[in-house]
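> What follows is final_23.csv, made up of CSV, C-alpha atoms:
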```
chain,number,residue,atom,x,y,z
J,1,MET,CA,24.6,3.4,2.5
J,2,THR,CA,28.3,3.9,2.0
J,3,ALA,CA,30.0,4.8,-1.3
J,4,ALA,CA,31.5,1.3,-1.3
J,5,GLU,CA,28.1,-0.2,-1.2
J,6,ARG,CA,26.9,2.0,-4.0
J,7,THR,CA,29.8,1.6,-6.4
J,8,PRO,CA,30.1,-1.9,-8.1
J,9,SER,CA,33.6,-1.3,-9.4
J,10,GLN,CA,36.2,1.4,-10.3
J,11,ASP,CA,35.7,0.4,-14.0
J,12,PRO,CA,33.3,3.1,-15.4
J,13,GLY,CA,31.7,0.5,-17.7
J,14,SER,CA,31.2,-2.1,-15.0
J,15,TRP,CA,27.6,-1.1,-14.4
J,16,ARG,CA,26.6,-2.6,-17.8
J,17,LEU,CA,25.6,-6.1,-16.6
J,18,PHE,CA,23.9,-6.8,-19.9
J,19,ARG,CA,26.1,-6.2,-23.0
J,20,GLY,CA,23.9,-7.7,-25.8
J,21,GLU,CA,26.9,-9.7,-27.0
J,22,GLY,CA,25.2,-13.2,-26.9
J,23,PRO,CA,27.6,-15.5,-24.9
J,24,PRO,CA,26.4,-16.4,-21.4
J,25,ARG,CA,28.5,-15.3,-18.5
J,26,ARG,CA,28.1,-15.1,-14.7
J,27,VAL,CA,27.8,-11.8,-13.0
J,28,THR,CA,27.5,-10.5,-9.5
J,29,MET,CA,24.3,-8.6,-9.1
J,30,PRO,CA,24.8,-5.2,-7.4
J,31,SER,CA,22.8,-4.2,-4.3
J,32,ALA,CA,19.2,-3.2,-5.0
J,33,PRO,CA,17.9,0.3,-4.1
J,34,PRO,CA,16.7,0.3,-0.4
J,35,TRP,CA,13.1,0.7,-1.6
J,36,ARG,CA,13.4,-2.5,-3.8
J,37,ARG,CA,14.8,-4.9,-1.3
J,38,PHE,CA,12.1,-7.5,-0.8
J,39,GLY,CA,14.1,-10.3,0.9
J,40,GLU,CA,14.6,-8.3,4.0
J,41,ARG,CA,10.8,-8.0,4.7
J,42,GLN,CA,8.9,-10.2,7.1
J,43,PRO,CA,6.2,-12.4,5.6
J,44,ALA,CA,2.7,-11.0,5.5
J,45,GLY,CA,-0.7,-12.6,5.0
J,46,ALA,CA,-3.1,-12.0,2.1
J,47,GLY,CA,-4.4,-8.4,2.2
J,48,THR,CA,-1.5,-7.1,4.2
J,49,THR,CA,1.8,-5.6,3.3
J,50,ALA,CA,5.0,-7.0,4.8
J,51,SER,CA,6.2,-5.6,8.1
J,52,GLU,CA,9.4,-3.6,7.6
J,53,ASP,CA,11.1,-0.3,8.4
J,54,PRO,CA,9.6,1.9,5.8
J,55,ARG,CA,11.5,4.4,3.8
J,56,PRO,CA,11.9,7.8,5.5
J,57,TYR,CA,8.7,9.8,5.2
J,58,LEU,CA,8.9,13.6,5.1
J,59,ILE,CA,5.7,15.6,5.6
J,60,GLY,CA,5.0,19.3,6.1
J,61,PRO,CA,3.5,20.7,9.4
J,62,THR,CA,0.1,21.5,7.8
J,63,GLN,CA,-0.2,18.0,6.3
J,64,ARG,CA,1.0,16.4,9.6
J,65,ASP,CA,-1.7,18.3,11.6
J,66,ILE,CA,-4.4,17.0,9.2
J,67,VAL,CA,-3.2,13.4,9.8
J,68,ASN,CA,-3.4,14.0,13.5
J,69,ALA,CA,-6.9,15.4,13.3
J,70,ALA,CA,-8.1,12.3,11.4
J,71,LEU,CA,-6.5,10.1,14.2
J,72,HIS,CA,-8.3,12.0,16.9
J,73,LEU,CA,-11.7,12.1,15.1
J,74,ARG,CA,-11.5,8.5,14.0
J,75,ARG,CA,-12.4,9.6,10.5
J,76,PRO,CA,-11.0,8.3,7.2
J,77,LEU,CA,-8.2,10.3,5.6
J,78,LEU,CA,-8.7,11.0,1.9
J,79,VAL,CA,-5.3,11.6,0.4
J,80,THR,CA,-4.9,13.2,-3.0
J,81,GLY,CA,-1.9,14.3,-5.0
J,82,HIS,CA,0.1,13.6,-8.1
J,83,PRO,CA,1.8,10.2,-8.6
J,84,GLY,CA,5.0,9.9,-6.4
J,85,THR,CA,3.9,12.4,-3.8
J,86,GLY,CA,3.8,9.7,-1.1
J,87,LYS,CA,0.0,9.0,-0.8
J,88,SER,CA,0.3,5.2,-0.2
J,89,SER,CA,3.5,5.6,1.8
J,90,LEU,CA,1.7,7.7,4.4
J,91,ALA,CA,-0.2,4.7,5.6
J,92,HIS,CA,3.0,2.8,6.2
J,93,ALA,CA,4.6,5.7,7.9
J,94,VAL,CA,1.7,6.0,10.4
J,95,ALA,CA,1.6,2.3,11.0
J,96,HIS,CA,5.4,2.2,11.7
J,97,GLU,CA,5.6,5.3,13.9
J,98,LEU,CA,2.6,4.3,16.0
J,99,SER,CA,3.5,0.6,16.2
J,100,LEU,CA,0.2,-0.5,14.7
J,101,GLY,CA,1.5,-3.6,12.9
J,102,PRO,CA,1.5,-4.4,9.2
J,103,VAL,CA,-0.7,-2.3,6.9
J,104,LEU,CA,-3.9,-3.9,5.7
J,105,ARG,CA,-4.1,-3.0,2.0
J,106,TRP,CA,-7.1,-3.1,-0.3
J,107,PRO,CA,-6.0,-2.2,-3.9
J,108,VAL,CA,-9.2,-1.0,-5.7
J,109,ASN,CA,-9.9,-1.5,-9.4
J,110,SER,CA,-12.9,-1.3,-11.7
J,111,ARG,CA,-14.2,-4.8,-10.5
J,112,SER,CA,-13.7,-4.2,-6.8
J,113,THR,CA,-16.7,-4.6,-4.5
J,114,LEU,CA,-17.4,-3.9,-0.8
J,115,ALA,CA,-18.1,-7.6,-0.2
J,116,GLU,CA,-14.6,-8.7,-1.2
J,117,ALA,CA,-13.1,-6.2,1.2
J,118,LEU,CA,-15.2,-7.5,4.1
J,119,TYR,CA,-15.0,-11.3,3.7
J,120,HIS,CA,-15.0,-14.3,1.3
J,121,TYR,CA,-17.0,-17.5,1.8
J,122,ASP,CA,-15.6,-20.5,-0.1
J,123,ALA,CA,-18.9,-22.4,-0.6
J,124,VAL,CA,-17.5,-24.6,-3.4
J,125,GLY,CA,-14.6,-25.6,-1.2
J,126,ARG,CA,-16.8,-26.4,1.7
J,127,LEU,CA,-19.1,-28.6,-0.5
J,128,ARG,CA,-16.1,-30.4,-2.0
J,129,GLU,CA,-14.6,-31.0,1.4
J,130,THR,CA,-17.9,-32.3,2.8
J,131,ASN,CA,-18.3,-34.8,0.0
J,132,LEU,CA,-14.7,-36.0,0.4
J,133,ARG,CA,-15.2,-36.6,4.1
J,134,ARG,CA,-18.4,-38.5,3.5
J,135,GLN,CA,-16.5,-40.9,1.3
J,136,GLY,CA,-13.8,-41.3,3.9
J,137,ASP,CA,-13.4,-41.0,7.6
J,138,GLY,CA,-13.5,-38.0,9.8
J,139,ASP,CA,-15.7,-34.9,10.2
J,140,ALA,CA,-15.6,-32.0,7.7
J,141,PRO,CA,-14.3,-28.7,9.0
J,142,GLY,CA,-16.8,-26.2,10.4
J,143,ILE,CA,-18.1,-23.4,8.3
J,144,GLY,CA,-15.6,-20.9,9.8
J,145,TYR,CA,-12.8,-22.8,8.1
J,146,PHE,CA,-14.1,-21.6,4.7
J,147,ILE,CA,-14.6,-17.9,5.7
J,148,ARG,CA,-11.7,-15.4,5.4
J,149,LEU,CA,-12.1,-11.8,6.3
J,150,GLY,CA,-10.8,-9.3,3.8
J,151,PRO,CA,-8.6,-6.3,4.6
J,152,LEU,CA,-11.5,-4.1,5.7
J,153,GLY,CA,-13.2,-6.9,7.7
J,154,THR,CA,-9.9,-7.7,9.4
J,155,ALA,CA,-9.4,-4.0,10.3
J,156,LEU,CA,-12.8,-3.9,12.0
J,157,VAL,CA,-12.0,-6.8,14.3
J,158,ALA,CA,-8.9,-5.2,15.9
J,159,ASP,CA,-8.9,-5.7,19.6
J,160,GLY,CA,-6.9,-3.0,21.5
J,161,LEU,CA,-4.9,-0.8,19.2
J,162,PRO,CA,-6.5,0.0,15.8
J,163,ARG,CA,-5.2,-1.3,12.6
J,164,VAL,CA,-4.1,0.8,9.6
J,165,LEU,CA,-6.1,0.2,6.4
J,166,LEU,CA,-4.9,1.5,3.1
J,167,VAL,CA,-7.7,1.8,0.5
J,168,ASP,CA,-5.5,2.4,-2.5
J,169,GLU,CA,-6.8,4.3,-5.5
J,170,LEU,CA,-10.5,4.4,-4.7
J,171,ASP,CA,-11.2,6.6,-7.7
J,172,LYS,CA,-10.5,3.5,-9.9
J,173,GLY,CA,-13.5,1.7,-8.4
J,174,ASP,CA,-17.2,1.6,-9.4
J,175,VAL,CA,-19.0,4.9,-9.0
J,176,ASP,CA,-21.2,3.5,-6.2
J,177,LEU,CA,-18.3,2.1,-4.2
J,178,PRO,CA,-17.7,5.2,-2.0
J,179,ASN,CA,-21.4,5.2,-1.0
J,180,ASP,CA,-21.2,1.5,-0.3
J,181,LEU,CA,-18.4,2.2,2.2
J,182,LEU,CA,-20.4,4.9,4.0
J,183,THR,CA,-22.6,2.5,6.0
J,184,VAL,CA,-19.6,0.4,7.2
J,185,PHE,CA,-17.6,3.5,8.1
J,186,GLU,CA,-20.5,5.1,10.0
J,187,GLU,CA,-21.7,2.0,11.8
J,188,GLY,CA,-18.3,0.3,12.3
J,189,GLU,CA,-19.8,-3.2,11.7
J,190,PHE,CA,-21.1,-5.6,9.1
J,191,GLU,CA,-22.9,-9.0,9.0
J,192,ILE,CA,-21.8,-12.3,7.6
J,193,PRO,CA,-25.2,-13.9,6.7
J,194,GLU,CA,-23.7,-17.4,6.4
J,195,LEU,CA,-22.9,-17.2,10.1
J,196,SER,CA,-25.9,-15.3,11.4
J,197,ARG,CA,-28.2,-18.0,9.9
J,198,LEU,CA,-26.6,-20.7,12.0
J,199,PRO,CA,-28.9,-22.5,14.6
J,200,PRO,CA,-28.7,-21.6,18.3
J,201,GLY,CA,-25.7,-23.1,20.0
J,202,GLU,CA,-23.4,-22.0,17.2
J,203,ASP,CA,-23.0,-18.4,18.4
J,204,ASP,CA,-19.2,-18.0,18.3
J,205,ILE,CA,-17.4,-19.1,15.1
J,206,GLU,CA,-13.6,-18.9,14.4
J,207,VAL,CA,-12.9,-17.5,11.0
J,208,HIS,CA,-9.6,-16.6,9.2
J,209,SER,CA,-8.4,-13.1,9.1
J,210,ALA,CA,-6.5,-11.5,6.3
J,211,ARG,CA,-3.2,-12.1,8.2
J,212,GLY,CA,-2.1,-15.6,7.2
J,213,GLY,CA,-3.1,-18.2,9.7
J,214,ASP,CA,-4.6,-15.8,12.3
J,215,THR,CA,-8.2,-16.5,13.3
J,216,VAL,CA,-10.7,-14.3,15.0
J,217,THR,CA,-14.0,-15.1,16.7
J,218,VAL,CA,-17.3,-13.8,15.2
J,219,HIS,CA,-20.4,-13.7,17.5
J,220,ARG,CA,-23.7,-14.4,15.8
J,221,GLY,CA,-22.4,-13.4,12.4
J,222,VAL,CA,-21.7,-9.8,13.3
J,223,VAL,CA,-18.3,-8.2,13.1
J,224,ARG,CA,-18.2,-5.0,15.2
J,225,CYS,CA,-15.2,-2.8,15.8
J,226,ARG,CA,-14.0,-1.7,19.2
J,227,GLU,CA,-11.4,0.7,17.8
J,228,PHE,CA,-12.2,2.3,14.4
J,229,PRO,CA,-9.2,1.6,12.1
J,230,VAL,CA,-6.9,4.2,10.8
J,231,VAL,CA,-8.2,4.4,7.2
J,232,VAL,CA,-6.0,6.0,4.6
J,233,ILE,CA,-7.8,6.4,1.2
J,234,THR,CA,-5.8,7.4,-1.8
J,235,SER,CA,-7.1,9.0,-5.0
J,236,ASN,CA,-5.3,10.2,-8.1
J,237,GLY,CA,-8.2,12.7,-8.8
J,238,GLU,CA,-9.5,10.8,-11.8
J,239,ARG,CA,-13.1,11.6,-10.7
J,240,GLU,CA,-15.1,13.3,-8.0
J,241,PHE,CA,-16.6,11.5,-5.0
J,242,PRO,CA,-20.2,12.0,-3.6
J,243,PRO,CA,-20.6,14.9,-1.2
J,244,ALA,CA,-21.9,12.5,1.5
J,245,PHE,CA,-18.7,10.6,1.3
J,246,LEU,CA,-16.5,13.7,1.3
J,247,ARG,CA,-18.3,15.0,4.4
J,248,ARG,CA,-17.2,12.0,6.4
J,249,CYS,CA,-13.6,12.2,5.4
J,250,LEU,CA,-10.8,14.6,6.2
J,251,ARG,CA,-9.1,15.8,3.0
J,252,LEU,CA,-5.3,15.9,2.7
J,253,ASP,CA,-3.7,17.1,-0.6
J,254,LEU,CA,0.0,16.3,-0.8
J,255,PRO,CA,1.8,19.0,-2.9
J,256,ASP,CA,4.7,18.3,-5.3
J,257,PRO,CA,7.9,18.7,-3.2
J,258,ASP,CA,9.9,21.9,-3.9
J,259,GLU,CA,13.7,21.9,-4.4
J,260,GLU,CA,14.4,22.0,-0.6
J,261,ARG,CA,12.1,19.1,0.0
J,262,LEU,CA,13.5,17.1,-2.9
J,263,ARG,CA,17.0,17.5,-1.5
J,264,ALA,CA,15.8,16.4,1.9
J,265,ILE,CA,14.2,13.3,0.4
J,266,VAL,CA,17.3,12.3,-1.5
J,267,ALA,CA,19.4,12.8,1.7
J,268,ALA,CA,16.9,10.7,3.8
J,269,HIS,CA,17.0,7.8,1.3
J,270,LEU,CA,20.6,7.8,0.1
J,271,GLY,CA,22.5,9.8,2.7
J,272,ALA,CA,23.6,13.5,2.9
J,273,ASP,CA,26.9,12.7,1.2
J,274,ALA,CA,24.9,11.9,-2.0
J,275,LEU,CA,23.7,15.5,-2.5
J,276,PRO,CA,26.8,17.0,-4.1
J,277,GLN,CA,27.0,14.1,-6.6
J,278,VAL,CA,23.4,14.4,-7.8
J,279,ASP,CA,23.0,18.2,-7.8
J,280,ASP,CA,22.7,18.3,-11.6
J,281,LEU,CA,20.1,15.6,-11.5
J,282,VAL,CA,17.9,17.6,-9.1
J,283,ARG,CA,18.2,20.6,-11.4
J,284,ALA,CA,17.3,18.5,-14.4
J,285,PHE,CA,14.3,17.0,-12.6
J,286,LEU,CA,13.0,20.4,-11.6
J,287,ALA,CA,13.5,21.8,-15.2
J,288,LYS,CA,11.6,18.9,-16.7
J,289,ARG,CA,8.8,18.6,-14.1
J,290,ALA,CA,5.4,19.8,-14.7
J,291,PRO,CA,2.3,19.1,-12.5
J,292,GLY,CA,1.8,15.3,-12.8
J,293,GLU,CA,4.5,14.8,-15.3
J,294,LEU,CA,7.3,13.4,-13.1
J,295,ALA,CA,7.3,11.5,-9.8
J,296,THR,CA,9.8,11.9,-6.9
J,297,ASP,CA,10.8,8.3,-7.0
J,298,GLN,CA,12.0,8.8,-10.6
J,299,LEU,CA,14.6,11.3,-9.2
J,300,LEU,CA,15.5,8.8,-6.5
J,301,ASN,CA,16.0,6.1,-9.3
J,302,ALA,CA,18.3,8.5,-11.2
J,303,ALA,CA,20.3,9.4,-8.1
J,304,PHE,CA,20.7,5.7,-7.1
J,305,LEU,CA,22.1,4.9,-10.6
J,306,ARG,CA,24.4,7.9,-10.5
J,307,LEU,CA,25.8,6.8,-7.1
J,308,GLY,CA,26.3,3.3,-8.4
J,309,GLY,CA,28.6,4.4,-11.2
J,310,VAL,CA,26.1,4.5,-14.0
J,311,ASP,CA,26.9,7.0,-16.7
J,312,LEU,CA,23.6,9.0,-16.7
J,313,ASP,CA,25.1,11.4,-19.2
J,314,ALA,CA,24.9,8.6,-21.8
J,315,GLU,CA,22.5,9.6,-24.6
J,316,GLY,CA,18.9,8.7,-23.8
J,317,LEU,CA,19.5,7.2,-20.4
J,318,LEU,CA,18.5,10.2,-18.3
J,319,GLU,CA,15.5,10.7,-20.5
J,320,ALA,CA,14.5,7.1,-20.0
J,321,VAL,CA,14.7,7.4,-16.2
J,322,LEU,CA,13.0,10.8,-16.0
J,323,HIS,CA,10.2,10.0,-18.6
J,324,ARG,CA,6.9,11.9,-18.3
J,325,LEU,CA,4.0,10.0,-16.8
J,326,GLY,CA,1.2,11.5,-18.8
J,327,GLY,CA,0.2,11.1,-22.4
J,328,ALA,CA,0.8,8.4,-25.0
J,329,LEU,CA,4.0,6.5,-25.0
```
Just give me the structure of the file as structure tokens.


Amino acid sequence: MTAAERTPSQDPGSWRLFRGEGPPRRVTMPSAPPWRRFGERQPAGAGTTASEDPRPYLIGPTQRDIVNAALHLRRPLLVTGHPGTGKSSLAHAVAHELSLGPVLRWPVNSRSTLAEALYHYDAVGRLRETNLRRQGDGDAPGIGYFIRLGPLGTALVADGLPRVLLVDELDKGDVDLPNDLLTVFEEGEFEIPELSRLPPGEDDIEVHSARGGDTVTVHRGVVRCREFPVVVITSNGEREFPPAFLRRCLRLDLPDPDEERLRAIVAAHLGADALPQVDDLVRAFLAKRAPGELATDQLLNAAFLRLGGVDLDAEGLLEAVLHRLGGAL
């Protein structure tokens, strides 16, 4: 990114697109930060994240070796750390560097179940379609048309190279969800009862994967992996996981970056020439940061605004960008 790309105008007040004056006017929107440019991404299907060149990812040698151990052992990688330390980005970095395709993402919340991550059967849609076809002409689509594999189910049918599965914020899920995952992770397979109950002669059924219009063949209702996926599980440390689950994962704790690492991150995202212009922001970030209070991407946001001509010394603006993450607002 060049200085010309970052600076909208020589007018120091030109960064104020919104003036709060009332009358409408046309403006030219400045370039978005590199990490917020969505139009440059390739389309991705449901349950996947778009294929793109991810932001530069910096990782220490100890953490890098743990990632490699998980790859060799075909074990899930349980990644912990404060917000902004790069837990989710690690999955994208591995997928990009190893050319494993778009990341399959399962964002976990309090209502998430293992079943939704494996597959979904649209029974209502099939019944409606069957009734419509009976009233008209033509045959109704087969049962496979109404089955779509979820991100975990799609990761298990990979043929050849493994897929990367990001299980995001598992600690937000139900207390039994980690134990539910154990069987699938250990056996590398699961059953789709709607297909296993089909009569003889309907052994191979084409179903939809989580990747848009892609289809895969399921034999006798059993999805069985040939290559165990690269599983990256993130946790914000909101609760403990069962010992049996922890025993089957490799633990990776990402520390808060020190000053040297922060400067390297800024240089990797915004260019080495940016460092002299944001030195005071790095110092302010370090002075304000307490464990879990600030995230690295907040510093990147502040640096991007500074490089774009924004007066970050204006009262309250730096405080708004570098706001603490914990506690009541």

> What are the nearest atom pairs, with distances in Å to one decimal, for all residues of region 101-198 of chain J that come at most 12 Å from region 206-217 of chain J, using only C-alpha atoms, set out by chain and rising residue number as a tab-separated table?


```
residue	atom	partner	partner_atom	distance
J:Gly101	CA	J:Arg211	CA	10.8
J:Pro102	CA	J:Arg211	CA	9.1
J:Val103	CA	J:Arg211	CA	10.2
J:Leu104	CA	J:Ala210	CA	8.1
J:Arg105	CA	J:Ala210	CA	9.8
J:Trp106	CA	J:Ala210	CA	10.7
J:Glu116	CA	J:Ala210	CA	11.4
J:Ala117	CA	J:Ala210	CA	9.9
J:Leu118	CA	J:Ala210	CA	9.8
J:Tyr119	CA	J:Ser209	CA	8.7
J:His120	CA	J:His208	CA	9.8
J:Tyr121	CA	J:Val207	CA	10.1
J:Asp122	CA	J:His208	CA	11.7
J:Pro141	CA	J:Glu206	CA	11.2
J:Gly142	CA	J:Glu206	CA	8.9
J:Ile143	CA	J:Val207	CA	8.3
J:Gly144	CA	J:Val207	CA	4.5
J:Tyr145	CA	J:Val207	CA	6.0
J:Phe146	CA	J:Val207	CA	7.6
J:Ile147	CA	J:Val207	CA	5.6
J:Arg148	CA	J:His208	CA	4.5
J:Leu149	CA	J:Ser209	CA	4.8
J:Gly150	CA	J:Ala210	CA	5.4
J:Pro151	CA	J:Ala210	CA	5.9
J:Leu152	CA	J:Ala210	CA	9.0
J:Gly153	CA	J:Ser209	CA	8.0
J:Thr154	CA	J:Ser209	CA	5.6
J:Ala155	CA	J:Ala210	CA	9.0
J:Leu156	CA	J:Ser209	CA	10.6
J:Val157	CA	J:Val216	CA	7.6
J:Ala158	CA	J:Val216	CA	9.3
J:Asp159	CA	J:Val216	CA	9.9
J:Arg163	CA	J:Arg211	CA	11.8
J:Leu165	CA	J:Ala210	CA	11.7
J:Ile192	CA	J:Val207	CA	10.9
J:Glu194	CA	J:Val207	CA	11.7
J:Leu195	CA	J:Val207	CA	10.0
```

> Print the selection's residues with C-alpha atoms to a file, as a tab-separated table (two decimals), keeping the file's coordinate frame.


```tsv
chain	number	residue	atom	x	y	z
J	101	GLY	CA	1.50	-3.60	12.90
J	102	PRO	CA	1.50	-4.40	9.20
J	103	VAL	CA	-0.70	-2.30	6.90
J	104	LEU	CA	-3.90	-3.90	5.70
J	105	ARG	CA	-4.10	-3.00	2.00
J	106	TRP	CA	-7.10	-3.10	-0.30
J	116	GLU	CA	-14.60	-8.70	-1.20
J	117	ALA	CA	-13.10	-6.20	1.20
J	118	LEU	CA	-15.20	-7.50	4.10
J	119	TYR	CA	-15.00	-11.30	3.70
J	120	HIS	CA	-15.00	-14.30	1.30
J	121	TYR	CA	-17.00	-17.50	1.80
J	122	ASP	CA	-15.60	-20.50	-0.10
J	141	PRO	CA	-14.30	-28.70	9.00
J	142	GLY	CA	-16.80	-26.20	10.40
J	143	ILE	CA	-18.10	-23.40	8.30
J	144	GLY	CA	-15.60	-20.90	9.80
J	145	TYR	CA	-12.80	-22.80	8.10
J	146	PHE	CA	-14.10	-21.60	4.70
J	147	ILE	CA	-14.60	-17.90	5.70
J	148	ARG	CA	-11.70	-15.40	5.40
J	149	LEU	CA	-12.10	-11.80	6.30
J	150	GLY	CA	-10.80	-9.30	3.80
J	151	PRO	CA	-8.60	-6.30	4.60
J	152	LEU	CA	-11.50	-4.10	5.70
J	153	GLY	CA	-13.20	-6.90	7.70
J	154	THR	CA	-9.90	-7.70	9.40
J	155	ALA	CA	-9.40	-4.00	10.30
J	156	LEU	CA	-12.80	-3.90	12.00
J	157	VAL	CA	-12.00	-6.80	14.30
J	158	ALA	CA	-8.90	-5.20	15.90
J	159	ASP	CA	-8.90	-5.70	19.60
J	163	ARG	CA	-5.20	-1.30	12.60
J	165	LEU	CA	-6.10	0.20	6.40
J	192	ILE	CA	-21.80	-12.30	7.60
J	194	GLU	CA	-23.70	-17.40	6.40
J	195	LEU	CA	-22.90	-17.20	10.10
```

> Nearest to Thr80 (chain J): which of J:Leu170, J:Ala284, J:Leu307, J:Leu114 is it, counting all atoms listed in the file?

J:Leu170

> Using all atoms of region 233-247 of chain J that appear in the file, construct an axis-aligned enclosing box with 3 Å of padding on every side and provide its centre coordinates and edge lengths in Å, rounded to one decimal, as lines of an AutoDock Vina configuration file.


```
center_x = -13.6
center_y = 10.7
center_z = -3.7
size_x = 22.6
size_y = 14.6
size_z = 22.2
```

> What lies within 8 Å of Arg220 (chain J) using all atoms listed in the file, ignoring chain neighbours under 3 positions off, as a PDB file with C-alpha atoms, in the frame of the given file?


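File written: result-v4.pdb
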```
ATOM      1  CA  LEU J 195     -22.900 -17.200  10.100  1.00  0.00           C
ATOM      2  CA  SER J 196     -25.900 -15.300  11.400  1.00  0.00           C
ATOM      3  CA  LEU J 198     -26.600 -20.700  12.000  1.00  0.00           C
ATOM      4  CA  GLU J 202     -23.400 -22.000  17.200  1.00  0.00           C
ATOM      5  CA  ASP J 203     -23.000 -18.400  18.400  1.00  0.00           C
ATOM      6  CA  ASP J 204     -19.200 -18.000  18.300  1.00  0.00           C
ATOM      7  CA  ILE J 205     -17.400 -19.100  15.100  1.00  0.00           C
TER       8      ILE J 205
END
```

> Could you jot down the CA of Phe245 (chain J) to CA of Gly60 (chain J) separation for me, Å, one decimal place?

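Computing the Euclidean distance for CA of Phe245 (chain J) and CA of Gly60 (chain J) yields 25.7 Å.
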
> CA of Ala320 (chain J) and CA of Ala93 (chain J), how far apart in Å?

29.6 Å

> Quick one: everything within 10 Å of Asp168 (chain J), counting only C-alpha atoms, minus sequence neighbours fewer than 4 positions away in the same chain. Send it as a ChimeraX atom specification.

/J:79,87-88,91,105-109,172-173,232-236

> Find, counting all atoms listed in the file, the residue in J:His82, J:Arg19, J:Arg128, J:Arg197 that gets nearest to Arg289 (chain J).

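For Arg289 (chain J), the nearest of the candidates is J:His82.
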
> Write out as JSON, numbers by chain each polymer residue whose atoms come within 9 Å of Arg224 (chain J), counting all atoms listed in the file; drop sequence neighbours fewer than 5 positions from it.

{"J": [156, 157, 187, 188, 189, 190, 191, 218]}

> Select, from J:Ile59, J:Val124, J:Cys225, J:Ala303, the residue with the minimum atom-to-atom distance to Pro33 (chain J), counting only C-alpha atoms.

J:Ala303

> Do you have the CA of Asp176 (chain J)-CA of Pro83 (chain J) distance handy?

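Here the two named atoms are 24.1 Å from each other.
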
> Out of J:Arg134, J:Arg75, J:Arg247, J:Arg306, which residue has the shortest atom-to-atom distance to Ala274 (chain J) when counting all atoms listed in the file?

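Nearest to Ala274 (chain J): J:Arg306.
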